[in-house]
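So this one's start_28.txt, compact mmCIF, C-alpha atoms:
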```
# COMPACT_ATOMS: atom_id res chain seq x y z
CA MET A 1 44.06 -21.22 -37.30
CA LYS A 2 43.78 -23.43 -34.31
CA LYS A 3 42.29 -20.59 -32.30
CA LYS A 4 39.66 -19.88 -34.93
CA ARG A 5 38.60 -23.52 -35.03
CA ALA A 6 38.31 -23.59 -31.28
CA GLN A 7 36.02 -20.57 -31.39
CA LYS A 8 33.85 -22.18 -34.02
CA ALA A 9 33.67 -25.40 -32.10
CA ALA A 10 32.51 -23.69 -28.90
CA PRO A 11 28.75 -24.23 -28.66
CA ALA A 12 26.83 -20.99 -29.21
CA VAL A 13 24.62 -20.11 -26.29
CA SER A 14 21.27 -21.20 -27.68
CA ASP A 15 18.13 -19.13 -27.26
CA GLU A 16 16.68 -22.06 -25.40
CA ARG A 17 19.50 -22.04 -22.90
CA VAL A 18 19.10 -18.28 -22.39
CA GLU A 19 15.39 -18.74 -21.78
CA ARG A 20 16.07 -21.55 -19.35
CA SER A 21 18.48 -19.51 -17.27
CA LYS A 22 16.18 -16.45 -17.31
CA LYS A 23 13.37 -18.66 -16.05
CA ALA A 24 15.56 -20.08 -13.30
CA VAL A 25 16.57 -16.57 -12.22
CA LEU A 26 12.95 -15.34 -12.12
CA ALA A 27 11.84 -18.43 -10.21
CA ALA A 28 14.57 -17.92 -7.60
CA ALA A 29 13.77 -14.20 -7.28
CA HIS A 30 10.07 -15.02 -6.98
CA GLN A 31 10.75 -17.57 -4.25
CA LEU A 32 13.00 -15.19 -2.28
CA LEU A 33 10.42 -12.40 -2.62
CA SER A 34 7.70 -14.64 -1.20
CA GLU A 35 9.91 -15.61 1.71
CA GLY A 36 11.15 -12.20 2.84
CA GLY A 37 9.80 -9.37 0.71
CA LEU A 38 11.93 -7.10 -1.42
CA GLY A 39 14.46 -6.50 1.34
CA GLY A 40 15.31 -10.19 1.45
CA VAL A 41 16.38 -10.44 -2.19
CA SER A 42 19.96 -9.79 -3.26
CA VAL A 43 21.42 -10.59 -6.68
CA ASP A 44 24.00 -12.74 -4.84
CA GLU A 45 21.27 -14.83 -3.28
CA VAL A 46 19.35 -15.11 -6.58
CA SER A 47 22.56 -16.26 -8.27
CA LYS A 48 23.18 -18.86 -5.57
CA ARG A 49 19.64 -20.27 -5.67
CA SER A 50 19.29 -20.30 -9.44
CA GLY A 51 22.83 -21.48 -10.22
CA VAL A 52 23.09 -18.66 -12.79
CA ALA A 53 26.20 -16.45 -12.61
CA LYS A 54 25.79 -12.84 -11.50
CA THR A 55 27.36 -11.55 -14.73
CA THR A 56 24.70 -13.45 -16.70
CA ILE A 57 21.94 -12.02 -14.48
CA TYR A 58 23.21 -8.47 -15.09
CA ARG A 59 23.33 -9.19 -18.83
CA HIS A 60 19.56 -9.72 -18.80
CA TRP A 61 18.50 -7.16 -16.18
CA ALA A 62 20.08 -3.72 -15.89
CA SER A 63 19.69 -3.55 -12.10
CA ARG A 64 18.46 -5.42 -9.05
CA SER A 65 15.29 -3.28 -9.14
CA ALA A 66 14.57 -4.23 -12.75
CA LEU A 67 14.94 -7.92 -11.90
CA LEU A 68 12.72 -7.66 -8.82
CA LEU A 69 10.01 -5.83 -10.64
CA ASP A 70 10.09 -8.37 -13.45
CA ALA A 71 9.76 -11.14 -10.88
CA CYS A 72 6.88 -9.30 -9.20
CA SER A 73 5.02 -8.71 -12.44
CA ASN A 74 5.36 -12.38 -13.26
CA MET A 75 3.82 -13.14 -9.88
CA SER A 76 0.94 -10.72 -10.14
CA ALA A 77 -2.55 -11.03 -11.55
CA ARG A 78 -2.99 -10.32 -15.26
CA PRO A 79 -6.64 -11.18 -15.79
CA GLN A 80 -8.17 -11.77 -19.21
CA ALA A 81 -11.12 -9.53 -20.10
CA PRO A 82 -14.35 -11.50 -19.57
CA ASP A 83 -17.35 -10.99 -21.88
CA THR A 84 -20.56 -11.67 -19.98
CA GLY A 85 -22.62 -9.17 -22.00
CA SER A 86 -23.01 -6.55 -19.26
CA LEU A 87 -20.65 -4.13 -17.51
CA GLN A 88 -21.90 -5.32 -14.12
CA GLY A 89 -21.19 -8.96 -15.02
CA ASP A 90 -17.76 -8.23 -16.49
CA LEU A 91 -16.64 -6.05 -13.56
CA GLU A 92 -17.93 -8.61 -11.06
CA THR A 93 -15.97 -11.41 -12.72
CA LEU A 94 -12.79 -9.32 -12.77
CA SER A 95 -13.19 -8.00 -9.22
CA LEU A 96 -13.97 -11.35 -7.66
CA TYR A 97 -10.86 -12.72 -9.39
CA ILE A 98 -8.68 -9.87 -8.08
CA ALA A 99 -10.17 -10.14 -4.57
CA ALA A 100 -9.38 -13.88 -4.47
CA LYS A 101 -5.79 -13.13 -5.52
CA LEU A 102 -5.50 -10.36 -2.93
CA ARG A 103 -6.57 -12.83 -0.25
CA THR A 104 -4.23 -15.67 -1.21
CA ALA A 105 -1.60 -14.95 -3.88
CA PRO A 106 2.03 -14.58 -2.79
CA TRP A 107 2.43 -11.35 -4.77
CA ALA A 108 -0.16 -9.68 -2.52
CA ALA A 109 2.26 -10.05 0.39
CA VAL A 110 5.14 -8.76 -1.73
CA LEU A 111 3.62 -5.77 -3.50
CA PRO A 112 3.95 -3.47 -0.44
CA SER A 113 7.75 -3.99 -0.59
CA VAL A 114 7.75 -2.66 -4.14
CA ILE A 115 5.45 0.23 -3.27
CA ASP A 116 7.69 1.10 -0.35
CA ALA A 117 10.92 0.93 -2.38
CA ALA A 118 9.28 3.00 -5.14
CA GLU A 119 8.83 5.85 -2.64
CA ARG A 120 12.60 6.30 -2.73
CA ASP A 121 13.40 5.15 -6.29
CA ALA A 122 11.86 7.12 -9.17
CA ASP A 123 12.80 4.51 -11.83
CA LEU A 124 11.14 1.76 -9.84
CA ALA A 125 8.06 3.97 -9.35
CA GLU A 126 7.85 4.50 -13.11
CA LEU A 127 8.17 0.77 -13.82
CA GLN A 128 5.63 -0.12 -11.12
CA LYS A 129 3.13 2.35 -12.56
CA LYS A 130 3.64 0.91 -16.03
CA LEU A 131 3.15 -2.70 -14.88
CA HIS A 132 0.11 -1.72 -12.86
CA GLY A 133 -1.28 -0.08 -16.00
CA GLU A 134 -0.82 -3.36 -17.88
CA MET A 135 -2.70 -5.23 -15.15
CA ARG A 136 -5.63 -2.80 -15.68
CA THR A 137 -5.93 -3.58 -19.39
CA ALA A 138 -8.78 -6.06 -18.85
CA PHE A 139 -10.74 -3.40 -16.93
CA ARG A 140 -10.25 -0.87 -19.72
CA ILE A 141 -11.42 -3.39 -22.31
CA VAL A 142 -14.69 -4.17 -20.52
CA VAL A 143 -15.42 -0.46 -20.00
CA GLU A 144 -14.78 0.30 -23.69
CA ARG A 145 -17.01 -2.58 -24.72
CA ALA A 146 -19.80 -1.22 -22.52
CA GLN A 147 -19.36 2.15 -24.24
CA LYS A 148 -19.59 0.52 -27.68
CA ARG A 149 -22.77 -1.28 -26.66
CA GLY A 150 -24.18 2.08 -25.53
CA GLU A 151 -24.44 0.81 -21.96
CA LEU A 152 -22.09 3.60 -20.81
CA SER A 153 -21.70 7.12 -22.16
CA SER A 154 -18.52 7.56 -24.19
CA GLY A 155 -17.62 10.51 -21.95
CA VAL A 156 -17.01 8.27 -18.92
CA ASP A 157 -13.33 8.07 -17.93
CA SER A 158 -12.32 4.41 -17.51
CA SER A 159 -9.58 5.33 -15.02
CA GLU A 160 -12.23 6.74 -12.65
CA ILE A 161 -14.28 3.55 -12.82
CA ILE A 162 -11.14 1.49 -12.21
CA ALA A 163 -10.19 3.57 -9.14
CA THR A 164 -13.78 3.21 -7.85
CA VAL A 165 -13.60 -0.58 -8.16
CA LEU A 166 -9.97 -1.44 -7.33
CA GLY A 167 -9.52 1.27 -4.67
CA PRO A 168 -11.83 -0.22 -2.02
CA LEU A 169 -10.40 -3.72 -2.61
CA TYR A 170 -6.78 -2.64 -2.23
CA TYR A 171 -7.75 -0.46 0.71
CA ARG A 172 -9.29 -3.33 2.64
CA ARG A 173 -6.46 -5.74 1.84
CA TRP A 174 -3.57 -3.54 2.98
CA PHE A 175 -4.85 -0.57 5.00
CA SER A 176 -8.02 -1.29 6.96
CA ARG A 177 -7.41 -5.07 6.93
CA GLU A 178 -11.13 -5.77 6.82
CA PRO A 179 -12.57 -8.88 5.13
CA LEU A 180 -12.68 -8.91 1.32
CA ASP A 181 -15.77 -11.09 1.09
CA GLU A 182 -17.95 -11.62 -1.97
CA ASN A 183 -20.75 -9.40 -0.67
CA PHE A 184 -18.41 -6.48 -0.23
CA VAL A 185 -16.91 -6.97 -3.72
CA ARG A 186 -20.35 -7.19 -5.36
CA GLY A 187 -21.43 -4.05 -3.50
CA VAL A 188 -18.37 -2.13 -4.70
CA VAL A 189 -19.05 -3.12 -8.32
CA HIS A 190 -22.74 -2.36 -8.01
CA ARG A 191 -22.01 1.15 -6.71
CA ALA A 192 -19.38 1.78 -9.42
CA VAL A 193 -21.75 0.76 -12.22
CA GLN A 194 -24.69 2.66 -10.73
CA THR A 195 -22.75 5.94 -10.61
CA SER A 196 -21.15 5.59 -14.05
CA LYS A 197 -24.41 5.54 -15.96
CA MET B 1 20.46 4.09 57.35
CA LYS B 2 22.88 5.88 55.11
CA LYS B 3 21.76 3.86 52.12
CA LYS B 4 18.13 4.70 52.73
CA ARG B 5 18.89 8.39 52.97
CA ALA B 6 20.85 8.27 49.73
CA GLN B 7 17.87 6.71 48.02
CA LYS B 8 15.58 9.40 49.33
CA ALA B 9 17.95 12.16 48.31
CA ALA B 10 18.25 10.95 44.71
CA PRO B 11 16.01 13.13 42.58
CA ALA B 12 12.94 11.23 41.39
CA VAL B 13 12.60 11.16 37.63
CA SER B 14 9.85 13.71 37.13
CA ASP B 15 6.91 13.08 34.83
CA GLU B 16 7.98 16.11 32.93
CA ARG B 17 11.41 14.68 32.29
CA VAL B 18 9.88 11.38 31.14
CA GLU B 19 7.62 13.24 28.75
CA ARG B 20 10.54 15.26 27.45
CA SER B 21 12.63 12.19 26.68
CA LYS B 22 9.67 10.38 25.10
CA LYS B 23 9.10 13.37 22.85
CA ALA B 24 12.78 13.46 21.87
CA VAL B 25 12.68 9.74 21.02
CA LEU B 26 9.53 10.10 18.91
CA ALA B 27 10.95 13.14 17.11
CA ALA B 28 14.17 11.27 16.28
CA ALA B 29 12.24 8.20 15.09
CA HIS B 30 9.97 10.41 13.02
CA GLN B 31 12.96 12.13 11.40
CA LEU B 32 14.71 8.84 10.61
CA LEU B 33 11.48 7.40 9.18
CA SER B 34 11.10 10.37 6.84
CA GLU B 35 14.67 10.00 5.68
CA GLY B 36 14.82 6.31 4.95
CA GLY B 37 11.55 4.54 5.64
CA LEU B 38 11.11 1.85 8.24
CA GLY B 39 14.21 -0.05 7.15
CA GLY B 40 16.38 2.93 8.01
CA VAL B 41 15.38 3.14 11.66
CA SER B 42 17.23 1.21 14.37
CA VAL B 43 16.84 1.73 18.11
CA ASP B 44 20.61 2.41 18.17
CA GLU B 45 20.22 5.26 15.72
CA VAL B 46 17.16 6.66 17.53
CA SER B 47 19.13 6.59 20.77
CA LYS B 48 22.06 8.39 19.16
CA ARG B 49 19.90 11.12 17.60
CA SER B 50 17.68 11.70 20.59
CA GLY B 51 20.39 11.41 23.24
CA VAL B 52 18.09 9.04 25.17
CA ALA B 53 19.63 5.75 26.37
CA LYS B 54 18.46 2.52 24.73
CA THR B 55 17.41 1.09 28.11
CA THR B 56 15.15 4.11 28.62
CA ILE B 57 13.68 3.68 25.14
CA TYR B 58 12.89 0.03 25.84
CA ARG B 59 11.29 1.04 29.16
CA HIS B 60 8.67 3.05 27.24
CA TRP B 61 8.24 0.87 24.14
CA ALA B 62 8.20 -2.92 24.26
CA SER B 63 9.83 -3.34 20.85
CA ARG B 64 11.29 -1.49 17.88
CA SER B 65 8.00 -2.12 16.03
CA ALA B 66 5.94 -0.56 18.80
CA LEU B 67 8.16 2.55 18.77
CA LEU B 68 8.03 2.86 14.98
CA LEU B 69 4.29 2.52 14.86
CA ASP B 70 3.92 5.11 17.61
CA ALA B 71 6.14 7.48 15.61
CA CYS B 72 4.13 6.80 12.45
CA SER B 73 0.80 7.39 14.11
CA ASN B 74 2.11 10.68 15.46
CA MET B 75 3.06 11.62 11.92
CA SER B 76 -0.20 10.63 10.29
CA ALA B 77 -3.41 12.50 9.68
CA ARG B 78 -5.98 12.51 12.51
CA PRO B 79 -8.59 14.87 11.16
CA GLN B 80 -11.30 16.43 13.32
CA ALA B 81 -14.88 15.72 12.25
CA PRO B 82 -16.21 18.76 10.36
CA ASP B 83 -19.86 19.81 10.68
CA THR B 84 -20.98 21.50 7.46
CA GLY B 85 -24.60 20.35 7.78
CA SER B 86 -24.53 17.80 4.95
CA LEU B 87 -22.85 14.43 4.42
CA GLN B 88 -21.53 15.59 1.04
CA GLY B 89 -19.97 18.71 2.62
CA ASP B 90 -18.47 16.82 5.56
CA LEU B 91 -16.99 14.04 3.43
CA GLU B 92 -15.60 16.57 0.94
CA THR B 93 -13.87 18.51 3.71
CA LEU B 94 -12.37 15.33 5.16
CA SER B 95 -11.36 13.85 1.80
CA LEU B 96 -9.75 17.03 0.50
CA TYR B 97 -7.77 17.19 3.75
CA ILE B 98 -6.63 13.57 3.42
CA ALA B 99 -5.80 14.00 -0.28
CA ALA B 100 -3.63 17.04 0.51
CA LYS B 101 -1.81 15.03 3.18
CA LEU B 102 -1.36 12.08 0.82
CA ARG B 103 0.26 14.40 -1.72
CA THR B 104 2.67 16.14 0.66
CA ALA B 105 2.93 14.75 4.22
CA PRO B 106 6.08 12.78 5.17
CA TRP B 107 3.99 9.95 6.65
CA ALA B 108 2.57 9.23 3.18
CA ALA B 109 6.04 8.23 2.05
CA VAL B 110 6.56 6.13 5.18
CA LEU B 111 3.26 4.27 5.52
CA PRO B 112 4.17 1.67 2.82
CA SER B 113 7.15 0.61 5.00
CA VAL B 114 4.75 -0.17 7.83
CA ILE B 115 2.30 -1.94 5.52
CA ASP B 116 5.16 -4.01 4.13
CA ALA B 117 6.57 -4.91 7.55
CA ALA B 118 3.06 -5.78 8.77
CA GLU B 119 2.86 -8.49 6.08
CA ARG B 120 5.46 -10.42 8.07
CA ASP B 121 4.65 -9.27 11.63
CA ALA B 122 1.19 -10.07 13.00
CA ASP B 123 1.55 -7.78 16.06
CA LEU B 124 2.48 -4.85 13.87
CA ALA B 125 -0.45 -5.66 11.56
CA GLU B 126 -2.80 -5.59 14.55
CA LEU B 127 -1.42 -2.26 15.78
CA GLN B 128 -1.53 -0.74 12.28
CA LYS B 129 -5.16 -1.80 11.89
CA LYS B 130 -6.02 -0.27 15.26
CA LEU B 131 -4.31 3.05 14.48
CA HIS B 132 -5.91 3.17 11.06
CA GLY B 133 -9.27 2.65 12.78
CA GLU B 134 -8.57 5.66 15.02
CA MET B 135 -7.78 7.79 11.96
CA ARG B 136 -11.21 6.85 10.57
CA THR B 137 -13.06 8.14 13.63
CA ALA B 138 -13.90 11.48 11.99
CA PHE B 139 -15.44 9.64 9.02
CA ARG B 140 -17.57 7.50 11.33
CA ILE B 141 -18.77 10.57 13.21
CA VAL B 142 -19.96 12.40 10.08
CA VAL B 143 -21.74 9.27 8.80
CA GLU B 144 -23.50 8.78 12.15
CA ARG B 145 -24.54 12.44 12.22
CA ALA B 146 -26.03 12.07 8.72
CA GLN B 147 -27.97 9.06 9.99
CA LYS B 148 -29.26 11.05 12.98
CA ARG B 149 -30.37 13.86 10.66
CA GLY B 150 -32.21 11.27 8.57
CA GLU B 151 -30.03 12.08 5.58
CA LEU B 152 -28.80 8.46 5.50
CA SER B 153 -30.66 5.27 6.39
CA SER B 154 -29.53 3.82 9.72
CA GLY B 155 -28.91 0.53 7.92
CA VAL B 156 -25.95 1.93 5.99
CA ASP B 157 -22.60 0.47 7.08
CA SER B 158 -20.13 3.30 7.71
CA SER B 159 -17.16 1.04 6.95
CA GLU B 160 -18.48 0.56 3.39
CA ILE B 161 -18.78 4.31 2.84
CA ILE B 162 -15.27 4.80 4.23
CA ALA B 163 -13.81 2.16 1.88
CA THR B 164 -15.67 3.79 -1.04
CA VAL B 165 -14.15 7.18 -0.21
CA LEU B 166 -10.65 6.39 1.09
CA GLY B 167 -10.05 3.42 -1.25
CA PRO B 168 -9.77 5.40 -4.51
CA LEU B 169 -7.58 8.05 -2.82
CA TYR B 170 -5.11 5.54 -1.38
CA TYR B 171 -5.18 3.58 -4.64
CA ARG B 172 -4.15 6.58 -6.73
CA ARG B 173 -1.48 7.69 -4.28
CA TRP B 174 0.37 4.39 -4.00
CA PHE B 175 -0.74 1.98 -6.72
CA SER B 176 -1.77 3.68 -9.95
CA ARG B 177 0.20 6.87 -9.14
CA GLU B 178 -2.37 9.04 -10.91
CA PRO B 179 -3.04 12.64 -9.85
CA LEU B 180 -5.11 13.19 -6.71
CA ASP B 181 -6.63 16.46 -7.88
CA GLU B 182 -9.64 18.19 -6.38
CA ASN B 183 -11.96 17.17 -9.21
CA PHE B 184 -11.17 13.52 -8.69
CA VAL B 185 -11.68 13.78 -4.92
CA ARG B 186 -15.02 15.58 -5.30
CA GLY B 187 -16.13 12.95 -7.83
CA VAL B 188 -15.25 10.13 -5.44
CA VAL B 189 -17.25 11.73 -2.62
CA HIS B 190 -20.17 12.52 -4.90
CA ARG B 191 -20.38 8.90 -6.05
CA ALA B 192 -20.09 7.58 -2.48
CA VAL B 193 -22.91 9.83 -1.22
CA GLN B 194 -25.12 9.13 -4.24
CA THR B 195 -24.96 5.37 -3.73
CA SER B 196 -25.39 5.46 0.04
CA LYS B 197 -28.82 7.05 -0.04
```
As structure tokens, what does this structure read like?
Amino acid sequence: MKKKRAQKAAPAVSDERVERSKKAVLAAAHQLLSEGGLGGVSVDEVSKRSGVAKTTIYRHWASRSALLLDACSNMSARPQAPDTGSLQGDLETLSLYIAAKLRTAPWAAVLPSVIDAAERDADLAELQKKLHGEMRTAFRIVVERAQKRGELSSGVDSSEIIATVLGPLYYRRWFSREPLDENFVRGVVHRAVQTSK
Amino acid sequence: MKKKRAQKAAPAVSDERVERSKKAVLAAAHQLLSEGGLGGVSVDEVSKRSGVAKTTIYRHWASRSALLLDACSNMSARPQAPDTGSLQGDLETLSLYIAAKLRTAPWAAVLPSVIDAAERDADLAELQKKLHGEMRTAFRIVVERAQKRGELSSGVDSSEIIATVLGPLYYRRWFSREPLDENFVRGVVHRAVQTSK
């Protein structure tokens, strides 16, 4: 009897408390990622910084990789689809937003860690691809809208337009390390729109 | 007197021997890079695999980063400039070559390690940018030839054409992880040429 009462009296872990500790874990992971890239983040260190026990962390995330990717996706850009009335306008708004993030956001310095780890971890590669796909949603929406308006032929493949726009931006940020200035971004969008029609 | 003679008698380290040990070091670094990415390569391990002493390694390369980058650049694609007679033909030849390498070459799995490390190492970033610039030489040559032939206006910036062509290829290989098939590559080149004229 006594035992039963004690169980009942123990406060149930509230949803709010779960959310609070998940947030603390993600914030700590995020901070560690910004400081040292993926290599610098261990579950031990995340536990220490967040004050959340390792067993609790593993209850919410199946593996270190799953936690890191969740932290990265929380860091990264998920733009809303703009609606300026033209494909050129919409893609410019989106691309200038992404270019600004590539220049300054902490996730831009962290993403290469994930890309690198994904080369040797198929599950992480799958997750990264999925999250990247979610980031592209806004681009897909503006392309589909342009097709509905009749501005673009319905036969155009949105993934080709997206590669034509995002490719040169990512390339300059991480590979050629050339400036990602507004003129360059507008030129990229202009060329992508011109060749899609 | 005796000492001097002994010095004279000691065999001078021949250039050939230096070259041989440098080659062995680069081959070992290359092999370790392919196995485990940049994180998996220590000068200790390179010394063990190559049989070349650490002091000798440090005589030829100022730092671990310098050695790794040298090994990477030896691994990576340095295409020759083709001369098919048209910009479209030249860029197609180059891009199909790069796309094939991106799909299968060991350096394609290693480059993200370098890009990641460069985010936290300005010297490495500078070296990576320089080596990437050398890889682009063939692209610059075919663009300049097209300008000389009058196929392209002399006002066109070759670095913009290069970003328009290489950007979508790199993007699909490492970020969206979509197929890099021939049709896609030809489409990318076609769009780049169309908008440069």
Discussion item. Taking all atoms listed in the file into account, find every residue of chain B that has an atom no more than 6 Å from chain A, and write it out as a PyMOL selection string.
Written reply: chain B and resi 109+112-113+116+119+129+163-164+167-168+171+176+191+195
Residue subset to file, keeping C-alpha atoms, as a PDB file, in the coordinates of the input:
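Writing the result to out.pdb gives the following:
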```
ATOM      1  CA  ALA B 109       6.040   8.230   2.050  1.00  0.00           C
ATOM      2  CA  PRO B 112       4.170   1.670   2.820  1.00  0.00           C
ATOM      3  CA  SER B 113       7.150   0.610   5.000  1.00  0.00           C
ATOM      4  CA  ASP B 116       5.160  -4.010   4.130  1.00  0.00           C
ATOM      5  CA  GLU B 119       2.860  -8.490   6.080  1.00  0.00           C
ATOM      6  CA  LYS B 129      -5.160  -1.800  11.890  1.00  0.00           C
ATOM      7  CA  ALA B 163     -13.810   2.160   1.880  1.00  0.00           C
ATOM      8  CA  THR B 164     -15.670   3.790  -1.040  1.00  0.00           C
ATOM      9  CA  GLY B 167     -10.050   3.420  -1.250  1.00  0.00           C
ATOM     10  CA  PRO B 168      -9.770   5.400  -4.510  1.00  0.00           C
ATOM     11  CA  TYR B 171      -5.180   3.580  -4.640  1.00  0.00           C
ATOM     12  CA  SER B 176      -1.770   3.680  -9.950  1.00  0.00           C
ATOM     13  CA  ARG B 191     -20.380   8.900  -6.050  1.00  0.00           C
ATOM     14  CA  THR B 195     -24.960   5.370  -3.730  1.00  0.00           C
TER      15      THR B 195
END
```
Fill in: B:Ile98, B:Val25, B:Val189, B:Leu127 ranked by distance to His60 (chain B), top pick (using all atoms listed in the file)
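Among the listed residues, B:Val25 lies closest to His60 (chain B).
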Worksheet item: Which polymer residues have any atom within 12 Å of an atom of Thr104 (chain B), counting all atoms listed in the file, with same-chain residues fewer than 5 positions away left out, as a list of chain:residue names?
Response: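 Answer for this query is B:Ser34, B:Ser76, B:Ala77, B:Tyr97, B:Ile98, B:Ala99, B:Ala109, B:Val110, B:Arg173, B:Leu180.
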Kindly export the residues of the current selection with C-alpha atoms, as a PDB file, keeping the file's coordinate frame.
```pdb
ATOM      1  CA  SER B  34      11.100  10.370   6.840  1.00  0.00           C
ATOM      2  CA  SER B  76      -0.200  10.630  10.290  1.00  0.00           C
ATOM      3  CA  ALA B  77      -3.410  12.500   9.680  1.00  0.00           C
ATOM      4  CA  TYR B  97      -7.770  17.190   3.750  1.00  0.00           C
ATOM      5  CA  ILE B  98      -6.630  13.570   3.420  1.00  0.00           C
ATOM      6  CA  ALA B  99      -5.800  14.000  -0.280  1.00  0.00           C
ATOM      7  CA  ALA B 109       6.040   8.230   2.050  1.00  0.00           C
ATOM      8  CA  VAL B 110       6.560   6.130   5.180  1.00  0.00           C
ATOM      9  CA  ARG B 173      -1.480   7.690  -4.280  1.00  0.00           C
ATOM     10  CA  LEU B 180      -5.110  13.190  -6.710  1.00  0.00           C
TER      11      LEU B 180
END
```
Worksheet item: Separation of CA of Gly155 (chain B) and CA of Ser95 (chain A), in Å?
Response: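 Distance reported for this atom pair: 24.8 Å.
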Practice prompt. Record the distance separating CA of Arg17 (chain A) and CA of His30 (chain A), expressed in Å with one decimal.
Written response: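 According to the coordinates, CA of Arg17 (chain A) and CA of His30 (chain A) are separated by 19.8 Å.
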Worksheet entry | Which of A:Thr137, A:Ser21, A:Ser14, A:Gln31 sits closest to Cys72 (chain A) [using all atoms listed in the file] | A:Gln31
Practice prompt. Please indicate the distance in Å from CA of Asp83 (chain B) to CA of Pro179 (chain B), rounded to one decimal place.
Written response: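 Distance reported for this atom pair: 27.5 Å.
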Neighbour list for region 139-141 of chain A as a PDB file with C-alpha atoms, keeping the file's coordinate frame, cut-off 9 Å, all atoms listed in the file, skip fewer than 5 positions in-chain:
```pdb
ATOM      1  CA  PRO A  79      -6.640 -11.180 -15.790  1.00  0.00           C
ATOM      2  CA  ALA A  81     -11.120  -9.530 -20.100  1.00  0.00           C
ATOM      3  CA  ASP A  90     -17.760  -8.230 -16.490  1.00  0.00           C
ATOM      4  CA  LEU A  91     -16.640  -6.050 -13.560  1.00  0.00           C
ATOM      5  CA  LEU A  94     -12.790  -9.320 -12.770  1.00  0.00           C
ATOM      6  CA  ALA A 146     -19.800  -1.220 -22.520  1.00  0.00           C
ATOM      7  CA  SER A 158     -12.320   4.410 -17.510  1.00  0.00           C
ATOM      8  CA  SER A 159      -9.580   5.330 -15.020  1.00  0.00           C
ATOM      9  CA  ILE A 161     -14.280   3.550 -12.820  1.00  0.00           C
ATOM     10  CA  ILE A 162     -11.140   1.490 -12.210  1.00  0.00           C
TER      11      ILE A 162
END
```
Please define a box with edges along x, y and z of the file around all atoms of region 127-145 of chain A given in the file, extend it by 6 Å on each side, and return its centre and edge lengths in Å to one decimal, as AutoDock Vina command-line options.
```
--center_x -4.4 --center_y -1.9 --center_z -17.9 --size_x 37.2 --size_y 20.4 --size_z 25.6
```
Fill in: Polymer residues at most 6 Å from (16.3, -19.6, -3.6) by all atoms listed in the file, as an MDAnalysis selection string
chainID A and resid 28 31:32 49
